[in-house]
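Participant: File run-v9.cif follows (mmCIF, C-alpha atoms):
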data_final
#
loop_
_atom_site.group_PDB
_atom_site.id
_atom_site.type_symbol
_atom_site.label_atom_id
_atom_site.label_comp_id
_atom_site.auth_asym_id
_atom_site.auth_seq_id
_atom_site.Cartn_x
_atom_site.Cartn_y
_atom_site.Cartn_z
ATOM 1 C CA MET A 219 -21.213 -74.600 -11.770
ATOM 2 C CA ARG A 220 -21.236 -77.510 -14.246
ATOM 3 C CA GLU A 221 -24.635 -78.653 -12.965
ATOM 4 C CA ARG A 222 -26.358 -75.338 -12.281
ATOM 5 C CA GLY A 223 -24.525 -72.624 -14.199
ATOM 6 C CA ALA A 224 -21.964 -70.060 -13.115
ATOM 7 C CA LEU A 225 -24.270 -67.741 -11.155
ATOM 8 C CA CYS A 226 -23.992 -66.832 -7.484
ATOM 9 C CA ALA A 227 -27.283 -65.198 -6.482
ATOM 10 C CA GLY A 228 -26.996 -62.550 -3.794
ATOM 11 C CA ILE A 229 -29.353 -61.937 -0.899
ATOM 12 C CA ASP A 230 -28.955 -58.218 -0.139
ATOM 13 C CA PRO A 231 -31.923 -57.021 1.926
ATOM 14 C CA HIS A 232 -31.061 -53.329 2.072
ATOM 15 C CA ARG A 233 -33.819 -50.886 2.907
ATOM 16 C CA ALA A 234 -34.644 -49.646 -0.602
ATOM 17 C CA LEU A 235 -34.920 -53.147 -1.997
ATOM 18 C CA VAL A 236 -36.975 -54.539 0.892
ATOM 19 C CA GLU A 237 -39.407 -51.639 0.621
ATOM 20 C CA SER A 238 -39.582 -51.980 -3.184
ATOM 21 C CA TRP A 239 -41.000 -55.445 -2.549
ATOM 22 C CA GLY A 240 -43.789 -53.869 -0.506
ATOM 23 C CA LEU A 241 -42.329 -55.101 2.770
ATOM 24 C CA THR A 242 -41.684 -53.225 5.992
ATOM 25 C CA TYR A 243 -38.051 -52.550 6.812
ATOM 26 C CA ASP A 244 -37.974 -54.441 10.094
ATOM 27 C CA VAL A 245 -37.199 -57.979 11.229
ATOM 28 C CA ALA A 246 -40.478 -59.311 9.858
ATOM 29 C CA GLY A 247 -39.797 -57.753 6.449
ATOM 30 C CA LEU A 248 -36.200 -59.007 6.525
ATOM 31 C CA GLU A 249 -37.351 -62.542 7.249
ATOM 32 C CA ARG A 250 -39.994 -62.504 4.504
ATOM 33 C CA PHE A 251 -37.490 -61.120 1.998
ATOM 34 C CA ALA A 252 -34.709 -63.555 2.875
ATOM 35 C CA LEU A 253 -36.863 -66.675 2.994
ATOM 36 C CA THR A 254 -38.478 -65.765 -0.314
ATOM 37 C CA CYS A 255 -34.975 -65.763 -1.765
ATOM 38 C CA VAL A 256 -34.270 -69.151 -0.212
ATOM 39 C CA GLU A 257 -37.435 -70.540 -1.785
ATOM 40 C CA ALA A 258 -36.511 -69.118 -5.180
ATOM 41 C CA PHE A 259 -32.811 -70.024 -5.284
ATOM 42 C CA ALA A 260 -32.470 -73.290 -3.346
ATOM 43 C CA GLY A 261 -31.590 -76.159 -5.650
ATOM 44 C CA ARG A 262 -31.493 -73.923 -8.716
ATOM 45 C CA VAL A 263 -28.215 -71.960 -8.695
ATOM 46 C CA ALA A 264 -24.593 -72.862 -8.050
ATOM 47 C CA ALA A 265 -24.330 -70.753 -4.903
ATOM 48 C CA VAL A 266 -26.153 -68.148 -2.854
ATOM 49 C CA LYS A 267 -24.374 -65.219 -1.184
ATOM 50 C CA PRO A 268 -26.110 -63.504 1.743
ATOM 51 C CA GLN A 269 -24.570 -60.144 2.679
ATOM 52 C CA SER A 270 -24.078 -60.319 6.436
ATOM 53 C CA ALA A 271 -24.257 -56.549 7.066
ATOM 54 C CA PHE A 272 -27.889 -56.334 5.998
ATOM 55 C CA PHE A 273 -28.793 -58.896 8.649
ATOM 56 C CA GLU A 274 -26.461 -57.566 11.345
ATOM 57 C CA VAL A 275 -28.164 -54.161 11.225
ATOM 58 C CA PHE A 276 -31.130 -55.746 13.033
ATOM 59 C CA GLY A 277 -28.984 -57.097 15.863
ATOM 60 C CA SER A 278 -29.409 -60.580 17.269
ATOM 61 C CA ARG A 279 -32.812 -61.039 15.646
ATOM 62 C CA GLY A 280 -31.310 -60.282 12.240
ATOM 63 C CA ILE A 281 -28.479 -62.732 12.858
ATOM 64 C CA ALA A 282 -31.082 -65.368 13.738
ATOM 65 C CA VAL A 283 -32.682 -64.822 10.319
ATOM 66 C CA LEU A 284 -29.267 -65.160 8.650
ATOM 67 C CA GLU A 285 -28.633 -68.410 10.507
ATOM 68 C CA ARG A 286 -31.988 -69.732 9.286
ATOM 69 C CA VAL A 287 -31.139 -68.735 5.707
ATOM 70 C CA LEU A 288 -27.799 -70.556 5.831
ATOM 71 C CA THR A 289 -29.328 -73.623 7.458
ATOM 72 C CA GLU A 290 -32.228 -73.930 5.014
ATOM 73 C CA LEU A 291 -29.991 -73.504 1.986
ATOM 74 C CA ARG A 292 -27.622 -76.165 3.324
ATOM 75 C CA GLU A 293 -30.525 -78.545 3.913
ATOM 76 C CA ALA A 294 -31.625 -77.937 0.312
ATOM 77 C CA GLY A 295 -28.162 -78.860 -0.973
ATOM 78 C CA THR A 296 -27.265 -75.363 -2.131
ATOM 79 C CA LEU A 297 -23.791 -73.942 -1.497
ATOM 80 C CA THR A 298 -23.567 -70.725 0.491
ATOM 81 C CA ILE A 299 -20.958 -67.971 0.500
ATOM 82 C CA LEU A 300 -21.334 -65.660 3.480
ATOM 83 C CA ASP A 301 -20.213 -62.186 2.456
ATOM 84 C CA ALA A 302 -18.817 -60.878 5.748
ATOM 85 C CA LYS A 303 -15.327 -59.709 4.647
ATOM 86 C CA ARG A 304 -13.764 -60.529 8.012
ATOM 87 C CA GLY A 305 -10.091 -59.829 8.586
ATOM 88 C CA ASP A 306 -7.986 -59.327 11.707
ATOM 89 C CA ILE A 307 -4.916 -60.677 13.485
ATOM 90 C CA GLY A 308 -4.037 -63.309 16.043
ATOM 91 C CA SER A 309 -6.657 -64.465 18.517
ATOM 92 C CA THR A 310 -9.303 -62.205 16.955
ATOM 93 C CA MET A 311 -8.877 -63.790 13.526
ATOM 94 C CA THR A 312 -8.974 -67.190 15.192
ATOM 95 C CA ALA A 313 -12.281 -66.296 16.841
ATOM 96 C CA TYR A 314 -13.745 -65.124 13.530
ATOM 97 C CA ALA A 315 -12.597 -68.371 11.944
ATOM 98 C CA HIS A 316 -14.298 -70.496 14.592
ATOM 99 C CA ALA A 317 -17.480 -68.406 14.428
ATOM 100 C CA TYR A 318 -17.926 -69.114 10.720
ATOM 101 C CA LEU A 319 -15.864 -72.145 9.739
ATOM 102 C CA ALA A 320 -15.778 -74.582 12.641
ATOM 103 C CA ASP A 321 -17.856 -77.742 12.582
ATOM 104 C CA ASP A 322 -19.550 -76.634 15.809
ATOM 105 C CA ALA A 323 -20.390 -73.133 14.533
ATOM 106 C CA VAL A 324 -24.086 -72.319 14.830
ATOM 107 C CA ALA A 325 -24.781 -72.075 11.087
ATOM 108 C CA PRO A 326 -21.522 -72.285 9.140
ATOM 109 C CA PRO A 327 -21.589 -71.330 5.458
ATOM 110 C CA ASP A 328 -19.751 -73.361 2.843
ATOM 111 C CA ALA A 329 -17.427 -70.414 2.218
ATOM 112 C CA LEU A 330 -16.630 -67.044 3.752
ATOM 113 C CA THR A 331 -15.279 -63.816 2.248
ATOM 114 C CA LEU A 332 -12.170 -62.400 3.932
ATOM 115 C CA SER A 333 -10.167 -59.168 3.712
ATOM 116 C CA PRO A 334 -6.385 -59.731 3.553
ATOM 117 C CA TYR A 335 -5.290 -56.140 3.983
ATOM 118 C CA LEU A 336 -3.657 -56.749 7.329
ATOM 119 C CA GLY A 337 -1.406 -59.077 5.332
ATOM 120 C CA TYR A 338 -2.321 -62.344 3.638
ATOM 121 C CA GLU A 339 -0.769 -64.405 6.433
ATOM 122 C CA SER A 340 -3.035 -62.698 8.985
ATOM 123 C CA LEU A 341 -5.740 -64.968 7.523
ATOM 124 C CA ARG A 342 -3.836 -68.132 8.427
ATOM 125 C CA PRO A 343 -6.186 -69.189 11.276
ATOM 126 C CA ALA A 344 -9.136 -69.112 8.877
ATOM 127 C CA ILE A 345 -7.227 -70.786 6.037
ATOM 128 C CA ASP A 346 -6.049 -73.624 8.254
ATOM 129 C CA LEU A 347 -9.449 -74.152 9.892
ATOM 130 C CA ALA A 348 -11.259 -74.119 6.549
ATOM 131 C CA THR A 349 -8.825 -76.765 5.315
ATOM 132 C CA ARG A 350 -9.577 -78.962 8.318
ATOM 133 C CA THR A 351 -13.359 -78.599 8.088
ATOM 134 C CA GLY A 352 -13.672 -78.828 4.312
ATOM 135 C CA ARG A 353 -14.900 -75.278 3.804
ATOM 136 C CA GLY A 354 -13.750 -72.538 1.457
ATOM 137 C CA LEU A 355 -12.668 -68.923 1.452
ATOM 138 C CA PHE A 356 -12.897 -66.053 -1.005
ATOM 139 C CA VAL A 357 -10.156 -63.517 -0.327
ATOM 140 C CA LEU A 358 -10.491 -59.957 -1.632
ATOM 141 C CA ALA A 359 -7.898 -59.460 -4.346
ATOM 142 C CA LEU A 360 -9.098 -56.892 -6.858
ATOM 143 C CA THR A 361 -12.302 -55.019 -6.129
ATOM 144 C CA SER A 362 -14.161 -52.727 -8.489
ATOM 145 C CA ASN A 363 -14.775 -49.807 -6.122
ATOM 146 C CA PRO A 364 -12.758 -46.726 -7.202
ATOM 147 C CA GLU A 365 -10.909 -46.522 -3.865
ATOM 148 C CA GLY A 366 -9.660 -50.094 -4.111
ATOM 149 C CA ALA A 367 -6.989 -49.281 -6.660
ATOM 150 C CA GLN A 368 -5.132 -47.064 -4.164
ATOM 151 C CA VAL A 369 -4.183 -50.188 -2.219
ATOM 152 C CA GLN A 370 -4.601 -53.091 -4.617
ATOM 153 C CA HIS A 371 -2.692 -51.560 -7.554
ATOM 154 C CA ALA A 372 0.150 -50.235 -5.394
ATOM 155 C CA ARG A 373 3.486 -51.906 -6.032
ATOM 156 C CA ARG A 374 6.322 -53.050 -3.834
ATOM 157 C CA ASP A 375 9.493 -54.382 -5.413
ATOM 158 C CA GLY A 376 7.669 -54.386 -8.728
ATOM 159 C CA GLU A 377 4.759 -56.543 -7.547
ATOM 160 C CA ALA A 378 1.232 -55.187 -7.151
ATOM 161 C CA VAL A 379 -0.457 -55.739 -3.795
ATOM 162 C CA ALA A 380 -3.227 -57.654 -5.577
ATOM 163 C CA ALA A 381 -0.596 -59.915 -7.140
ATOM 164 C CA SER A 382 0.810 -60.703 -3.702
ATOM 165 C CA ILE A 383 -2.647 -61.841 -2.597
ATOM 166 C CA VAL A 384 -2.930 -64.068 -5.667
ATOM 167 C CA ARG A 385 0.533 -65.448 -4.888
ATOM 168 C CA GLY A 386 -0.560 -66.297 -1.344
ATOM 169 C CA ALA A 387 -3.647 -68.116 -2.591
ATOM 170 C CA ALA A 388 -1.562 -69.968 -5.170
ATOM 171 C CA GLY A 389 0.680 -71.297 -2.424
ATOM 172 C CA ASP A 390 -2.259 -72.608 -0.415
ATOM 173 C CA ASN A 391 -3.882 -74.095 -3.523
ATOM 174 C CA ALA A 392 -0.706 -75.830 -4.739
ATOM 175 C CA PRO A 393 -1.727 -79.320 -3.510
ATOM 176 C CA ALA A 394 -5.075 -79.044 -5.323
ATOM 177 C CA ARG A 395 -3.384 -77.800 -8.478
ATOM 178 C CA ALA A 396 -1.057 -80.807 -8.386
ATOM 179 C CA ARG A 397 -4.192 -82.981 -8.432
ATOM 180 C CA GLY A 398 -5.577 -81.028 -11.394
ATOM 181 C CA GLU A 399 -8.256 -79.344 -9.280
ATOM 182 C CA LEU A 400 -9.172 -75.864 -8.137
ATOM 183 C CA GLY A 401 -8.228 -75.153 -4.544
ATOM 184 C CA SER A 402 -10.434 -73.999 -1.684
ATOM 185 C CA VAL A 403 -8.853 -70.545 -1.333
ATOM 186 C CA GLY A 404 -10.804 -68.491 -3.819
ATOM 187 C CA LEU A 405 -10.356 -64.866 -4.780
ATOM 188 C CA VAL A 406 -12.768 -61.973 -5.159
ATOM 189 C CA VAL A 407 -12.122 -60.085 -8.391
ATOM 190 C CA GLY A 408 -14.742 -57.587 -9.522
ATOM 191 C CA ALA A 409 -16.564 -58.234 -12.775
ATOM 192 C CA THR A 410 -16.026 -54.597 -13.753
ATOM 193 C CA VAL A 411 -12.265 -54.203 -13.263
ATOM 194 C CA GLY A 412 -11.644 -54.125 -17.011
ATOM 195 C CA THR A 413 -8.097 -55.091 -18.010
ATOM 196 C CA ALA A 414 -6.666 -54.832 -14.480
ATOM 197 C CA VAL A 415 -6.122 -58.595 -14.133
ATOM 198 C CA ALA A 416 -3.775 -58.584 -17.125
ATOM 199 C CA ASP A 417 -2.324 -55.149 -16.367
ATOM 200 C CA LEU A 418 -1.265 -56.229 -12.863
ATOM 201 C CA GLY A 419 0.018 -59.625 -13.987
ATOM 202 C CA LEU A 420 -2.465 -61.730 -12.001
ATOM 203 C CA ASP A 421 -2.139 -65.371 -13.055
ATOM 204 C CA LEU A 422 -5.435 -66.795 -11.831
ATOM 205 C CA VAL A 423 -4.968 -70.044 -13.757
ATOM 206 C CA ALA A 424 -1.673 -70.797 -12.040
ATOM 207 C CA ALA A 425 -3.253 -69.923 -8.701
ATOM 208 C CA ALA A 426 -5.830 -72.710 -9.215
ATOM 209 C CA THR A 427 -8.377 -70.492 -7.548
ATOM 210 C CA PRO A 428 -12.122 -70.233 -7.835
ATOM 211 C CA VAL A 429 -13.002 -66.615 -8.591
ATOM 212 C CA LEU A 430 -16.043 -64.824 -7.211
ATOM 213 C CA ALA A 431 -16.840 -61.905 -9.520
ATOM 214 C CA PRO A 432 -19.329 -59.460 -7.990
ATOM 215 C CA GLY A 433 -20.820 -56.743 -10.142
ATOM 216 C CA PHE A 434 -22.344 -58.864 -12.891
ATOM 217 C CA GLY A 435 -25.556 -57.469 -14.354
ATOM 218 C CA THR A 436 -26.942 -54.162 -13.111
ATOM 219 C CA GLN A 437 -23.524 -52.965 -11.929
ATOM 220 C CA GLY A 438 -22.077 -53.299 -15.422
ATOM 221 C CA GLY A 439 -20.511 -56.735 -15.757
ATOM 222 C CA THR A 440 -21.531 -58.616 -18.911
ATOM 223 C CA VAL A 441 -20.839 -62.008 -20.426
ATOM 224 C CA ALA A 442 -18.507 -60.330 -22.916
ATOM 225 C CA SER A 443 -16.661 -58.336 -20.255
ATOM 226 C CA LEU A 444 -16.123 -61.472 -18.162
ATOM 227 C CA GLY A 445 -14.264 -62.978 -21.103
ATOM 228 C CA THR A 446 -12.199 -59.829 -21.582
ATOM 229 C CA THR A 447 -11.401 -59.468 -17.882
ATOM 230 C CA PHE A 448 -10.577 -63.067 -17.011
ATOM 231 C CA GLY A 449 -9.271 -64.523 -20.260
ATOM 232 C CA ALA A 450 -7.973 -68.065 -19.787
ATOM 233 C CA ALA A 451 -9.382 -68.141 -16.234
ATOM 234 C CA ARG A 452 -12.954 -67.557 -17.438
ATOM 235 C CA GLY A 453 -13.980 -71.116 -16.566
ATOM 236 C CA GLN A 454 -13.010 -70.540 -12.918
ATOM 237 C CA VAL A 455 -15.358 -67.573 -12.514
ATOM 238 C CA LEU A 456 -18.564 -67.603 -10.494
ATOM 239 C CA ALA A 457 -20.420 -64.424 -11.444
ATOM 240 C CA ALA A 458 -22.260 -62.796 -8.547
ATOM 241 C CA SER A 459 -25.419 -60.818 -9.142
ATOM 242 C CA SER A 460 -27.735 -59.335 -6.550
ATOM 243 C CA ARG A 461 -29.668 -56.339 -7.844
ATOM 244 C CA GLU A 462 -30.453 -57.756 -11.286
ATOM 245 C CA VAL A 463 -31.797 -60.976 -9.792
ATOM 246 C CA LEU A 464 -33.607 -59.400 -6.843
ATOM 247 C CA SER A 465 -35.328 -56.803 -9.018
ATOM 248 C CA ALA A 466 -37.619 -59.608 -10.194
ATOM 249 C CA GLY A 467 -39.139 -60.028 -6.705
ATOM 250 C CA PRO A 468 -41.179 -60.421 -4.659
ATOM 251 C CA GLU A 469 -42.777 -63.450 -6.339
ATOM 252 C CA PRO A 470 -40.557 -66.535 -5.788
ATOM 253 C CA SER A 471 -41.389 -67.935 -9.235
ATOM 254 C CA ARG A 472 -40.249 -64.739 -10.949
ATOM 255 C CA LEU A 473 -37.077 -64.618 -8.857
ATOM 256 C CA ALA A 474 -36.305 -68.212 -9.763
ATOM 257 C CA ALA A 475 -36.955 -67.575 -13.456
ATOM 258 C CA GLN A 476 -34.688 -64.522 -13.429
ATOM 259 C CA ALA A 477 -31.892 -66.448 -11.736
ATOM 260 C CA LEU A 478 -32.174 -69.317 -14.199
ATOM 261 C CA ARG A 479 -32.217 -66.930 -17.162
ATOM 262 C CA ILE A 480 -29.010 -65.274 -15.993
ATOM 263 C CA ALA A 481 -27.338 -68.591 -15.160
ATOM 264 C CA GLU A 482 -28.124 -69.921 -18.624
ATOM 265 C CA SER A 483 -26.434 -66.882 -20.175
ATOM 266 C CA LEU A 484 -23.151 -67.661 -18.426
ATOM 267 C CA PRO A 485 -20.923 -70.185 -20.192
ATOM 268 C CA VAL A 486 -19.067 -72.602 -17.911
#
Since I need it in another form, could you write the structure as structure tokens?
Facilitator:
Amino acid sequence: MRERGALCAGIDPHRALVESWGLTYDVAGLERFALTCVEAFAGRVAAVKPQSAFFEVFGSRGIAVLERVLTELREAGTLTILDAKRGDIGSTMTAYAHAYLADDAVAPPDALTLSPYLGYESLRPAIDLATRTGRGLFVLALTSNPEGAQVQHARRDGEAVAASIVRGAAGDNAPARARGELGSVGLVVGATVGTAVADLGLDLVAAATPVLAPGFGTQGGTVASLGTTFGAARGQVLAASSREVLSAGPEPSRLAAQALRIAESLPV
């Protein structure tokens, strides 16, 4: 973020967007779309976030394209966050962890998004493996979809569910915080949640957590609202934008210019 700005550029090849680029919505169009993004973003932004679902919809051939995207970005020295939102228990969570975070995984990202709503400790296999392999996680804490509040704002013994997730991350990040660093267990907090961080008592600074904030740009998040939403934790926030960046396609040079323009607007 210090070197390249606080933007995480998304790669979201959903049908409407692929077709708006004049491409066919098939594996060939997916590959052209995704690799154009790699060309535009590699070496220019802090991180790139492919959305796994838009590759998975094409089966094994789509997954092969995703693996190529992750590999080429890694070779270009650009950090990747795979947005897969995995979450399960026991041996299944362990298998997910090895699929994405192990050193011998086919194309491991630098970080993976996880859903903790089977309980924060259900993520332990992924947390422990990421620690061993030097990778990171972004755990859903406070999302901006209207339905999210039903779970995330609910309270038990006076503590919001979202606050319990932050507390879990804070515990895992404690060694990093003692060193004066951010930890490797990040949190996903929507850029459009308004005052919910303060309202629910989420202490992101004490949690020493990187924050991935989707929803910046077209979805309503602004530079001003990031300051209002995150307060003292603003410097920990990596703003994620997909639609606003990708609307500049399909020319790689225009995509790159759009990404750089947005990154430059984000104070670090």
Participant: To one decimal in Å, tell me the separation between atom CA of Ile307 of chain A and atom CA of Gly228 of chain A.
Facilitator: 28.1 Å
Participant: With the PyMOL selection byres ((chain A and resi 429) around 8) as the selection, what would be picked from this file? Answer as a list of chain:residue names, please.
Facilitator: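 Evaluating the PyMOL selection byres ((chain A and resi 429) around 8) on these coordinates yields A:Phe356, A:Gly404, A:Leu405, A:Val406, A:Val407, A:Thr427, A:Pro428, A:Leu430, A:Ala431, A:Gln454, A:Val455, A:Leu456.
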Participant: Can you tell me, as an MDAnalysis selection string, what residues are no more than 9 Å from His316 of chain A when counting only C-alpha atoms, ignoring any on the same chain fewer than 5 positions away?
Facilitator: chainID A and resid 311 321:323 343:344 347
Participant: Using all atoms listed in the file, pick whichever of A:Leu300, A:Ala271, A:Leu464, A:Ile480 has the shortest atom-to-atom distance to Arg353 of chain A.
Facilitator: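 Closest to Arg353 of chain A of all the choices is A:Leu300.
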Participant: Need to verify the contact set: segment 243-250 of chain A, 7 Å, all atoms listed in the file, exclusion of same-chain residues closer than 2 positions in sequence. Can you return it as a ChimeraX atom specification?
Facilitator: /A:231,233,236-237,241,252-254,276,279-280,283
Participant: Point out the residue among A:Val486, A:Val441, A:Gly386, A:Gly354 with the least atom-to-atom distance to Asp421 of chain A, counting only C-alpha atoms.
Facilitator: A:Gly386
